[in-house]
file structure_9.tsv (TSV, C-alpha atoms)
chain	number	residue	atom	x	y	z
A	1	MET	CA	89.18	106.93	93.74
A	2	MET	CA	92.59	107.79	95.13
A	3	ASN	CA	93.70	105.79	98.12
A	4	GLU	CA	95.01	106.88	101.45
A	5	ASN	CA	98.31	107.36	103.17
A	6	ILE	CA	101.55	105.94	101.86
A	7	GLY	CA	104.26	104.43	104.03
A	8	THR	CA	105.91	102.02	101.61
A	9	GLY	CA	109.16	101.55	99.77
A	10	ASN	CA	107.23	101.68	96.46
A	11	ASP	CA	108.97	104.76	95.02
A	12	GLY	CA	106.30	105.43	92.42
A	13	ALA	CA	103.56	105.42	95.02
A	14	VAL	CA	105.60	107.60	97.37
A	15	ASN	CA	106.31	110.17	94.64
A	16	TRP	CA	102.68	110.19	93.54
A	17	HIS	CA	101.36	110.87	97.03
A	18	SER	CA	104.04	113.48	97.64
A	19	GLN	CA	102.84	115.38	94.57
A	20	VAL	CA	99.24	115.43	95.78
A	21	ALA	CA	99.89	115.67	99.55
A	22	SER	CA	98.15	119.00	100.21
A	23	GLU	CA	95.27	118.29	97.84
A	24	PHE	CA	94.79	114.87	99.37
A	25	ASP	CA	94.78	116.20	102.93
A	26	SER	CA	92.20	118.87	102.07
A	27	LYS	CA	89.74	116.18	100.96
A	28	TYR	CA	89.09	115.26	104.60
A	29	SER	CA	87.10	118.50	104.88
A	30	THR	CA	85.73	118.78	101.32
A	31	SER	CA	84.97	115.24	100.05
A	32	SER	CA	81.95	113.30	101.31
A	33	GLU	CA	83.84	110.03	100.80
A	34	PHE	CA	86.82	111.21	102.84
A	35	ILE	CA	84.55	112.62	105.53
A	36	GLU	CA	82.85	109.22	105.72
A	37	ARG	CA	86.14	107.38	106.19
A	38	LEU	CA	87.23	109.95	108.75
A	39	THR	CA	84.03	109.36	110.73
A	40	ILE	CA	84.43	105.58	110.63
A	41	TRP	CA	88.08	105.66	111.65
A	42	GLU	CA	87.48	108.19	114.41
A	43	LYS	CA	84.85	105.91	115.97
A	44	LEU	CA	87.11	102.86	115.73
A	45	ILE	CA	90.10	104.68	117.19
A	46	GLU	CA	88.08	105.92	120.13
A	47	LYS	CA	86.51	102.49	120.68
A	48	HIS	CA	89.82	100.63	120.74
A	49	SER	CA	91.93	103.18	122.63
A	50	PHE	CA	92.60	103.73	126.31
A	51	GLN	CA	94.39	106.40	128.29
A	52	THR	CA	97.71	104.60	128.80
A	53	ALA	CA	97.88	103.09	125.30
A	54	LYS	CA	100.89	103.43	123.02
A	55	VAL	CA	99.89	103.74	119.35
A	56	LEU	CA	101.69	103.24	116.04
A	57	ASP	CA	100.30	104.83	112.86
A	58	ALA	CA	101.98	103.00	109.96
A	59	GLY	CA	101.77	105.10	106.82
A	60	CYS	CA	100.40	108.08	108.71
A	61	GLY	CA	100.08	110.38	105.71
A	62	SER	CA	99.27	113.91	106.86
A	63	GLY	CA	98.81	112.68	110.43
A	64	ILE	CA	95.06	113.05	110.65
A	65	PHE	CA	94.45	109.71	112.39
A	66	SER	CA	97.55	110.03	114.58
A	67	LEU	CA	96.27	113.31	115.95
A	68	ILE	CA	92.81	111.86	116.57
A	69	ALA	CA	94.35	108.97	118.51
A	70	ALA	CA	96.49	111.40	120.53
A	71	LYS	CA	93.34	112.69	122.21
A	72	HIS	CA	92.64	109.28	123.74
A	73	VAL	CA	96.04	107.66	124.42
A	74	GLN	CA	99.39	108.16	126.11
A	75	SER	CA	101.59	108.41	123.00
A	76	VAL	CA	101.53	108.05	119.22
A	77	ILE	CA	104.32	107.37	116.74
A	78	GLY	CA	103.45	108.03	113.11
A	79	PHE	CA	105.64	107.33	110.11
A	80	ASP	CA	105.35	107.71	106.36
A	81	ALA	CA	107.67	107.30	103.37
A	82	SER	CA	106.60	110.64	101.86
A	83	VAL	CA	108.61	113.64	103.07
A	84	ASP	CA	105.76	115.94	102.05
A	85	MET	CA	103.18	113.98	104.03
A	86	VAL	CA	105.41	113.93	107.12
A	87	ALA	CA	105.92	117.69	106.77
A	88	LEU	CA	102.15	118.24	106.75
A	89	ALA	CA	101.78	116.01	109.80
A	90	LYS	CA	104.43	117.97	111.70
A	91	GLN	CA	102.76	121.26	110.77
A	92	LYS	CA	99.46	120.02	112.19
A	93	LYS	CA	101.15	118.79	115.34
A	94	SER	CA	102.76	122.19	115.85
A	95	LYS	CA	99.47	124.06	115.36
A	96	LEU	CA	97.72	121.79	117.85
A	97	ASN	CA	100.64	121.89	120.29
A	98	CYS	CA	100.32	118.11	120.60
A	99	ASP	CA	103.26	116.84	122.65
A	100	ASN	CA	102.41	113.13	122.76
A	101	VAL	CA	102.83	112.56	119.00
A	102	SER	CA	106.01	112.17	116.95
A	103	PHE	CA	106.30	111.81	113.16
A	104	HIS	CA	109.10	110.11	111.23
A	105	LYS	CA	110.09	109.34	107.65
A	106	ALA	CA	110.21	105.57	107.15
A	107	ASN	CA	108.55	102.90	105.04
A	108	LEU	CA	106.60	99.80	105.95
A	109	GLU	CA	109.27	97.39	104.81
A	110	ASP	CA	111.94	98.93	107.02
A	111	ILE	CA	110.75	99.88	110.50
A	112	GLY	CA	113.98	99.13	112.32
A	113	PHE	CA	113.81	102.54	113.97
A	114	LEU	CA	111.10	101.11	116.21
A	115	LYS	CA	113.58	98.57	117.60
A	116	LYS	CA	111.70	96.32	120.05
A	117	GLN	CA	108.92	98.73	120.96
A	118	LYS	CA	105.48	97.26	121.57
A	119	PHE	CA	102.19	99.02	120.85
A	120	ASP	CA	98.68	98.60	122.19
A	121	LEU	CA	97.16	99.80	118.94
A	122	ILE	CA	98.61	99.72	115.43
A	123	MET	CA	96.81	101.62	112.68
A	124	CYS	CA	97.38	101.31	108.94
A	125	SER	CA	94.93	103.19	106.75
A	126	SER	CA	94.93	102.08	103.09
A	127	VAL	CA	98.66	101.57	102.69
A	128	LEU	CA	99.13	97.80	102.47
A	129	GLU	CA	97.89	97.77	98.88
A	130	TYR	CA	101.11	99.48	97.80
A	131	VAL	CA	103.60	96.93	99.16
A	132	GLU	CA	104.79	93.86	97.29
A	133	ASP	CA	104.17	91.44	100.16
A	134	TYR	CA	101.53	92.78	102.52
A	135	PRO	CA	101.28	89.57	104.62
A	136	SER	CA	104.95	89.95	105.55
A	137	VAL	CA	104.38	93.56	106.56
A	138	PHE	CA	101.44	92.41	108.65
A	139	ASP	CA	103.76	89.91	110.36
A	140	SER	CA	105.99	92.81	111.38
A	141	PHE	CA	102.95	94.53	112.90
A	142	ILE	CA	102.27	91.44	114.98
A	143	GLU	CA	105.87	91.46	116.22
A	144	HIS	CA	105.32	94.98	117.54
A	145	LEU	CA	101.91	94.26	119.06
A	146	ALA	CA	101.68	94.26	122.85
A	147	LEU	CA	99.82	91.50	124.68
A	148	GLY	CA	96.12	92.14	124.11
A	149	GLY	CA	96.92	94.79	121.50
A	150	LYS	CA	94.83	95.48	118.39
A	151	ILE	CA	95.46	96.30	114.75
A	152	ILE	CA	93.13	98.46	112.68
A	153	PHE	CA	93.81	98.48	108.94
A	154	SER	CA	91.96	99.24	105.73
A	155	MET	CA	92.46	98.20	102.11
A	156	PRO	CA	90.66	98.68	98.79
A	157	ASN	CA	87.84	96.20	98.24
A	158	GLY	CA	88.80	94.18	95.17
A	159	LYS	CA	85.26	92.84	94.80
A	160	SER	CA	83.57	96.22	94.41
A	161	LEU	CA	82.13	97.09	91.01
A	162	TYR	CA	83.82	100.49	91.06
A	163	ARG	CA	87.27	98.95	91.69
A	164	LYS	CA	86.76	96.59	88.77
A	165	MET	CA	85.83	99.54	86.57
A	166	GLU	CA	88.94	101.42	87.73
A	167	ARG	CA	91.18	98.56	86.69
A	168	PHE	CA	89.46	98.31	83.30
A	169	LEU	CA	89.85	102.04	82.68
A	170	PHE	CA	93.51	101.91	83.66
A	171	ALA	CA	94.15	98.98	81.33
A	172	THR	CA	92.49	100.79	78.42
A	173	MET	CA	93.15	104.49	79.13
A	174	GLY	CA	95.90	104.64	81.76
A	175	LYS	CA	93.61	106.32	84.29
A	176	PRO	CA	93.23	106.68	87.24
A	177	LYS	CA	97.01	107.08	87.57
A	178	TYR	CA	97.28	105.73	91.12
A	179	ILE	CA	96.40	102.21	89.90
A	180	GLU	CA	99.89	102.02	88.41
A	181	HIS	CA	101.31	101.86	91.94
A	182	VAL	CA	98.82	99.43	93.50
A	183	ARG	CA	100.21	95.96	94.16
A	184	ASN	CA	97.28	94.38	96.04
A	185	MET	CA	93.53	94.75	95.80
A	186	PRO	CA	92.15	91.77	97.76
A	187	SER	CA	88.67	90.88	98.89
A	188	LEU	CA	87.79	90.93	102.56
A	189	LYS	CA	87.54	87.13	102.37
A	190	ASN	CA	91.14	86.91	101.09
A	191	VAL	CA	92.36	89.09	103.93
A	192	ARG	CA	90.49	87.07	106.54
A	193	GLU	CA	92.18	83.93	105.20
A	194	GLN	CA	95.59	85.56	105.51
A	195	LEU	CA	94.82	86.54	109.09
A	196	SER	CA	93.58	83.08	110.05
A	197	ASN	CA	96.90	81.63	108.91
A	198	ARG	CA	98.58	83.93	111.42
A	199	SER	CA	96.45	83.04	114.44
A	200	VAL	CA	94.87	86.47	114.39
A	201	GLU	CA	91.27	86.94	115.49
A	202	VAL	CA	89.07	89.39	113.61
A	203	LEU	CA	87.01	91.42	116.08
A	204	GLU	CA	85.05	93.44	113.54
A	205	SER	CA	85.08	94.50	109.90
A	206	HIS	CA	83.16	97.07	107.89
A	207	TYR	CA	82.71	98.04	104.24
A	208	TYR	CA	82.53	101.73	103.36
A	209	ALA	CA	83.21	104.43	100.74
A	210	GLY	CA	80.70	103.45	98.08
A	211	ARG	CA	80.03	105.64	95.05
A	212	PHE	CA	76.99	106.48	92.98
A	213	GLY	CA	76.08	104.54	89.85
A	214	MET	CA	76.94	100.84	89.83
A	215	SER	CA	77.84	100.83	93.53
A	216	SER	CA	74.51	102.37	94.48
A	217	ILE	CA	72.62	99.75	92.46
A	218	ALA	CA	74.59	96.91	94.07
A	219	LYS	CA	73.96	98.34	97.53
A	220	ALA	CA	70.23	98.62	96.83
A	221	PHE	CA	70.18	94.86	96.23
A	222	GLY	CA	72.04	94.16	99.49
A	223	LEU	CA	75.33	93.38	97.77
A	224	GLN	CA	77.49	95.47	100.08
A	225	SER	CA	80.70	93.70	99.12
A	226	ARG	CA	80.09	94.86	95.54
A	227	ALA	CA	78.94	98.34	96.47
A	228	GLU	CA	81.62	99.62	98.86
A	229	ASN	CA	85.16	100.46	97.75
A	230	LEU	CA	87.06	100.04	101.02
A	231	PHE	CA	86.97	97.74	104.01
A	232	VAL	CA	88.42	98.16	107.47
A	233	VAL	CA	89.36	95.33	109.82
A	234	VAL	CA	90.00	95.30	113.56
A	235	CYS	CA	91.91	92.28	114.84
A	236	THR	CA	93.99	90.97	117.71
A	237	ARG	CA	96.07	87.91	118.49
A	238	LYS	CA	94.16	84.76	119.49
call {"tool": "encode", "arguments": {"input": "structure_9.tsv", "output": "structure tokens"}}
result
Amino acid sequence: MMNENIGTGNDGAVNWHSQVASEFDSKYSTSSEFIERLTIWEKLIEKHSFQTAKVLDAGCGSGIFSLIAAKHVQSVIGFDASVDMVALAKQKKSKLNCDNVSFHKANLEDIGFLKKQKFDLIMCSSVLEYVEDYPSVFDSFIEHLALGGKIIFSMPNGKSLYRKMERFLFATMGKPKYIEHVRNMPSLKNVREQLSNRSVEVLESHYYAGRFGMSSIAKAFGLQSRAENLFVVVCTRK
């Protein structure tokens, strides 16, 4: 299963997502898995937003989550390393006449354009798996987090049966192609450990995006960590 937005300096990942930008964006209205993640993220964004909030969407892709957040907050800055994704995001912004959102080309490892800005909510949807050192990128998020601010991020669930099958197929057949660009596929437990080392409190976490077959069997036996292919975490500073 292809992952989400791409805001990294991983050139292979950026080029890959640029090639499939339009196709990828269309899945939010045609794919049950993408519709599920859209529903989950929309609920979380609404829950953790407020009218005067300033939001950062790191690796914004086609801008779908930025534009959802814009309905509930004061301002949104979205950035992505893919020119094609940013172009799609700007097109959507123009169609919606959404004045409180801006989109920029940048990658996660170099967000100097933000200077010393602070944000009440930072979102990062399935991008951290493409960077070499995702804990360091997370540290930069914390630096830009306002007092009482929250971070919502998702990553592929390395414990899921489907993810394990993907890695096996890539090792033997070279497919799915996106695996070539993935640098991290942790478990939720691994991520929680990384956060605890940074004095970050996890407020909530959820598994989602399971598939039929092995995942369905695992889910039937209550093994959600084996059944679902993504997890999302909401956290704040302690």
call {"tool": "closest_atom_pairs", "arguments": {"input": "structure_9.tsv", "of": "stretch 124-232 of chain A", "to": "stretch 77-96 of chain A", "cutoff": "12 Å", "atoms": "all atoms listed in the file", "output": "Markdown table"}}
result
| residue | atom | partner | partner_atom | distance |
| --- | --- | --- | --- | --- |
| A:Cys124 | CA | A:Gly78 | CA | 10.0 |
| A:Ser125 | CA | A:Asp80 | CA | 11.4 |
| A:Val127 | CA | A:Asp80 | CA | 9.8 |
| A:Tyr130 | CA | A:Ala81 | CA | 11.6 |
| A:Val131 | CA | A:Ala81 | CA | 11.9 |
call {"tool": "write_last_selection", "arguments": {"input": "structure_9.tsv", "atoms": "C-alpha atoms", "output": "PDB file, keeping the file's coordinate frame"}}
result
ATOM      1  CA  CYS A 124      97.380 101.310 108.940  1.00  0.00           C
ATOM      2  CA  SER A 125      94.930 103.190 106.750  1.00  0.00           C
ATOM      3  CA  VAL A 127      98.660 101.570 102.690  1.00  0.00           C
ATOM      4  CA  TYR A 130     101.110  99.480  97.800  1.00  0.00           C
ATOM      5  CA  VAL A 131     103.600  96.930  99.160  1.00  0.00           C
TER       6      VAL A 131
END
call {"tool": "closest_atom_pairs", "arguments": {"input": "structure_9.tsv", "of": "stretch 1-98 of chain A", "to": "stretch 144-159 of chain A", "cutoff": "9 Å", "atoms": "only C-alpha atoms", "output": "Markdown table"}}
result
| residue | atom | partner | partner_atom | distance |
| --- | --- | --- | --- | --- |
| A:Asn3 | CA | A:Pro156 | CA | 7.8 |
| A:Trp41 | CA | A:Ile152 | CA | 8.9 |
| A:Leu44 | CA | A:Ile152 | CA | 8.1 |
| A:Ile45 | CA | A:Ile152 | CA | 8.3 |
| A:His48 | CA | A:Lys150 | CA | 7.6 |
call {"tool": "atom_distance", "arguments": {"input": "structure_9.tsv", "atom1": "atom CA of A:Ser49", "atom2": "atom CA of A:Leu121"}}
result
7.2 Å
call {"tool": "closest_residue", "arguments": {"input": "structure_9.tsv", "among": "A:Ala58, A:Ala220, A:Tyr178, A:Glu166", "to": "A:Gly12", "atoms": "only C-alpha atoms"}}
result
A:Tyr178
call {"tool": "closest_residue", "arguments": {"input": "structure_9.tsv", "among": "A:Asp139, A:Glu193, A:Glu46, A:Glu33", "to": "A:Gly210", "atoms": "all atoms listed in the file"}}
result
A:Glu33
call {"tool": "atom_distance", "arguments": {"input": "structure_9.tsv", "atom1": "atom CA of A:Glu143", "atom2": "atom CA of A:Ser205"}}
result
21.9 Å
call {"tool": "atom_distance", "arguments": {"input": "structure_9.tsv", "atom1": "atom CA of A:Ala106", "atom2": "atom CA of A:Cys60"}}
result
10.2 Å
call {"tool": "closest_residue", "arguments": {"input": "structure_9.tsv", "among": "A:Val191, A:Asp120, A:Asn100, A:His181", "to": "A:Asn15", "atoms": "all atoms listed in the file"}}
result
A:His181
call {"tool": "closest_residue", "arguments": {"input": "structure_9.tsv", "among": "A:Leu195, A:Gln74, A:Ser102, A:Met173", "to": "A:Tyr134", "atoms": "all atoms listed in the file"}}
result
A:Leu195
call {"tool": "closest_residue", "arguments": {"input": "structure_9.tsv", "among": "A:Val232, A:Arg237, A:Tyr162, A:Asn97", "to": "A:Ile217", "atoms": "all atoms listed in the file"}}
result
A:Tyr162
call {"tool": "axis_aligned_box", "arguments": {"input": "structure_9.tsv", "around": "stretch 39-51 of chain A", "padding_each_side": "6 Å", "output": "JSON"}}
result
{"center_x": 89.2, "center_y": 105.0, "center_z": 119.5, "size_x": 22.4, "size_y": 20.7, "size_z": 29.7}
call {"tool": "closest_residue", "arguments": {"input": "structure_9.tsv", "among": "A:Cys235, A:Leu230, A:Val182, A:Val55", "to": "A:Glu204", "atoms": "all atoms listed in the file"}}
result
A:Cys235
call {"tool": "residues_around", "arguments": {"input": "structure_9.tsv", "residues": "A:Asp110", "least_positions_apart": "2", "cutoff": "12 Å", "atoms": "all atoms listed in the file", "output": "ChimeraX atom specification"}}
result
/A:7-10,58-59,79-81,105-108,112-115,131,136-137,140-141
call {"tool": "build_atoms", "arguments": {"input": "structure_9.tsv", "residues": "stretch 85-110 of chain A", "atoms": "N, CA and C atoms", "output": "PDB file, in the frame of the given file"}}
result
ATOM      1  N   MET A  85     104.230 114.366 103.087  1.00  0.00           N
ATOM      2  CA  MET A  85     103.180 113.980 104.030  1.00  0.00           C
ATOM      3  C   MET A  85     103.651 114.177 105.472  1.00  0.00           C
ATOM      4  N   VAL A  86     104.865 113.769 105.760  1.00  0.00           N
ATOM      5  CA  VAL A  86     105.410 113.930 107.120  1.00  0.00           C
ATOM      6  C   VAL A  86     105.484 115.410 107.481  1.00  0.00           C
ATOM      7  N   ALA A  87     105.857 116.247 106.518  1.00  0.00           N
ATOM      8  CA  ALA A  87     105.920 117.690 106.770  1.00  0.00           C
ATOM      9  C   ALA A  87     104.555 118.243 107.136  1.00  0.00           C
ATOM     10  N   LEU A  88     103.515 117.810 106.430  1.00  0.00           N
ATOM     11  CA  LEU A  88     102.150 118.240 106.750  1.00  0.00           C
ATOM     12  C   LEU A  88     101.760 117.790 108.148  1.00  0.00           C
ATOM     13  N   ALA A  89     102.116 116.552 108.485  1.00  0.00           N
ATOM     14  CA  ALA A  89     101.780 116.010 109.800  1.00  0.00           C
ATOM     15  C   ALA A  89     102.448 116.829 110.905  1.00  0.00           C
ATOM     16  N   LYS A  90     103.701 117.189 110.693  1.00  0.00           N
ATOM     17  CA  LYS A  90     104.430 117.970 111.700  1.00  0.00           C
ATOM     18  C   LYS A  90     103.848 119.373 111.838  1.00  0.00           C
ATOM     19  N   GLN A  91     103.396 119.942 110.722  1.00  0.00           N
ATOM     20  CA  GLN A  91     102.760 121.260 110.770  1.00  0.00           C
ATOM     21  C   GLN A  91     101.492 121.210 111.617  1.00  0.00           C
ATOM     22  N   LYS A  92     100.694 120.169 111.414  1.00  0.00           N
ATOM     23  CA  LYS A  92      99.460 120.020 112.190  1.00  0.00           C
ATOM     24  C   LYS A  92      99.767 119.834 113.665  1.00  0.00           C
ATOM     25  N   LYS A  93     100.753 119.023 113.947  1.00  0.00           N
ATOM     26  CA  LYS A  93     101.150 118.790 115.340  1.00  0.00           C
ATOM     27  C   LYS A  93     101.545 120.103 116.007  1.00  0.00           C
ATOM     28  N   SER A  94     102.310 120.914 115.298  1.00  0.00           N
ATOM     29  CA  SER A  94     102.760 122.190 115.850  1.00  0.00           C
ATOM     30  C   SER A  94     101.581 123.133 116.124  1.00  0.00           C
ATOM     31  N   LYS A  95     100.636 123.191 115.196  1.00  0.00           N
ATOM     32  CA  LYS A  95      99.470 124.060 115.360  1.00  0.00           C
ATOM     33  C   LYS A  95      98.624 123.641 116.555  1.00  0.00           C
ATOM     34  N   LEU A  96      98.537 122.321 116.759  1.00  0.00           N
ATOM     35  CA  LEU A  96      97.720 121.790 117.850  1.00  0.00           C
ATOM     36  C   LEU A  96      98.485 121.707 119.165  1.00  0.00           C
ATOM     37  N   ASN A  97      99.791 121.977 119.103  1.00  0.00           N
ATOM     38  CA  ASN A  97     100.640 121.890 120.290  1.00  0.00           C
ATOM     39  C   ASN A  97     100.471 120.524 120.962  1.00  0.00           C
ATOM     40  N   CYS A  98     100.577 119.485 120.153  1.00  0.00           N
ATOM     41  CA  CYS A  98     100.320 118.110 120.600  1.00  0.00           C
ATOM     42  C   CYS A  98     101.651 117.431 120.931  1.00  0.00           C
ATOM     43  N   ASP A  99     101.950 117.323 122.213  1.00  0.00           N
ATOM     44  CA  ASP A  99     103.260 116.840 122.650  1.00  0.00           C
ATOM     45  C   ASP A  99     103.406 115.329 122.692  1.00  0.00           C
ATOM     46  N   ASN A 100     102.308 114.591 122.625  1.00  0.00           N
ATOM     47  CA  ASN A 100     102.410 113.130 122.760  1.00  0.00           C
ATOM     48  C   ASN A 100     102.422 112.405 121.415  1.00  0.00           C
ATOM     49  N   VAL A 101     102.735 113.134 120.335  1.00  0.00           N
ATOM     50  CA  VAL A 101     102.830 112.560 119.000  1.00  0.00           C
ATOM     51  C   VAL A 101     104.182 112.884 118.397  1.00  0.00           C
ATOM     52  N   SER A 102     104.786 111.909 117.710  1.00  0.00           N
ATOM     53  CA  SER A 102     106.010 112.170 116.950  1.00  0.00           C
ATOM     54  C   SER A 102     105.850 111.579 115.556  1.00  0.00           C
ATOM     55  N   PHE A 103     106.408 112.264 114.547  1.00  0.00           N
ATOM     56  CA  PHE A 103     106.300 111.810 113.160  1.00  0.00           C
ATOM     57  C   PHE A 103     107.695 111.577 112.584  1.00  0.00           C
ATOM     58  N   HIS A 104     107.803 110.519 111.768  1.00  0.00           N
ATOM     59  CA  HIS A 104     109.100 110.110 111.230  1.00  0.00           C
ATOM     60  C   HIS A 104     108.958 109.709 109.769  1.00  0.00           C
ATOM     61  N   LYS A 105     110.056 109.839 109.030  1.00  0.00           N
ATOM     62  CA  LYS A 105     110.090 109.340 107.650  1.00  0.00           C
ATOM     63  C   LYS A 105     110.630 107.913 107.682  1.00  0.00           C
ATOM     64  N   ALA A 106     109.826 106.981 107.225  1.00  0.00           N
ATOM     65  CA  ALA A 106     110.210 105.570 107.150  1.00  0.00           C
ATOM     66  C   ALA A 106     109.189 104.858 106.287  1.00  0.00           C
ATOM     67  N   ASN A 107     109.520 103.662 105.817  1.00  0.00           N
ATOM     68  CA  ASN A 107     108.550 102.900 105.040  1.00  0.00           C
ATOM     69  C   ASN A 107     108.204 101.598 105.735  1.00  0.00           C
ATOM     70  N   LEU A 108     107.137 100.985 105.277  1.00  0.00           N
ATOM     71  CA  LEU A 108     106.600  99.800 105.950  1.00  0.00           C
ATOM     72  C   LEU A 108     107.555  98.624 105.943  1.00  0.00           C
ATOM     73  N   GLU A 109     108.380  98.538 104.910  1.00  0.00           N
ATOM     74  CA  GLU A 109     109.270  97.390 104.810  1.00  0.00           C
ATOM     75  C   GLU A 109     110.535  97.544 105.645  1.00  0.00           C
ATOM     76  N   ASP A 110     110.734  98.704 106.242  1.00  0.00           N
ATOM     77  CA  ASP A 110     111.940  98.930 107.020  1.00  0.00           C
ATOM     78  C   ASP A 110     111.600  99.795 108.241  1.00  0.00           C
TER      79      ASP A 110
END
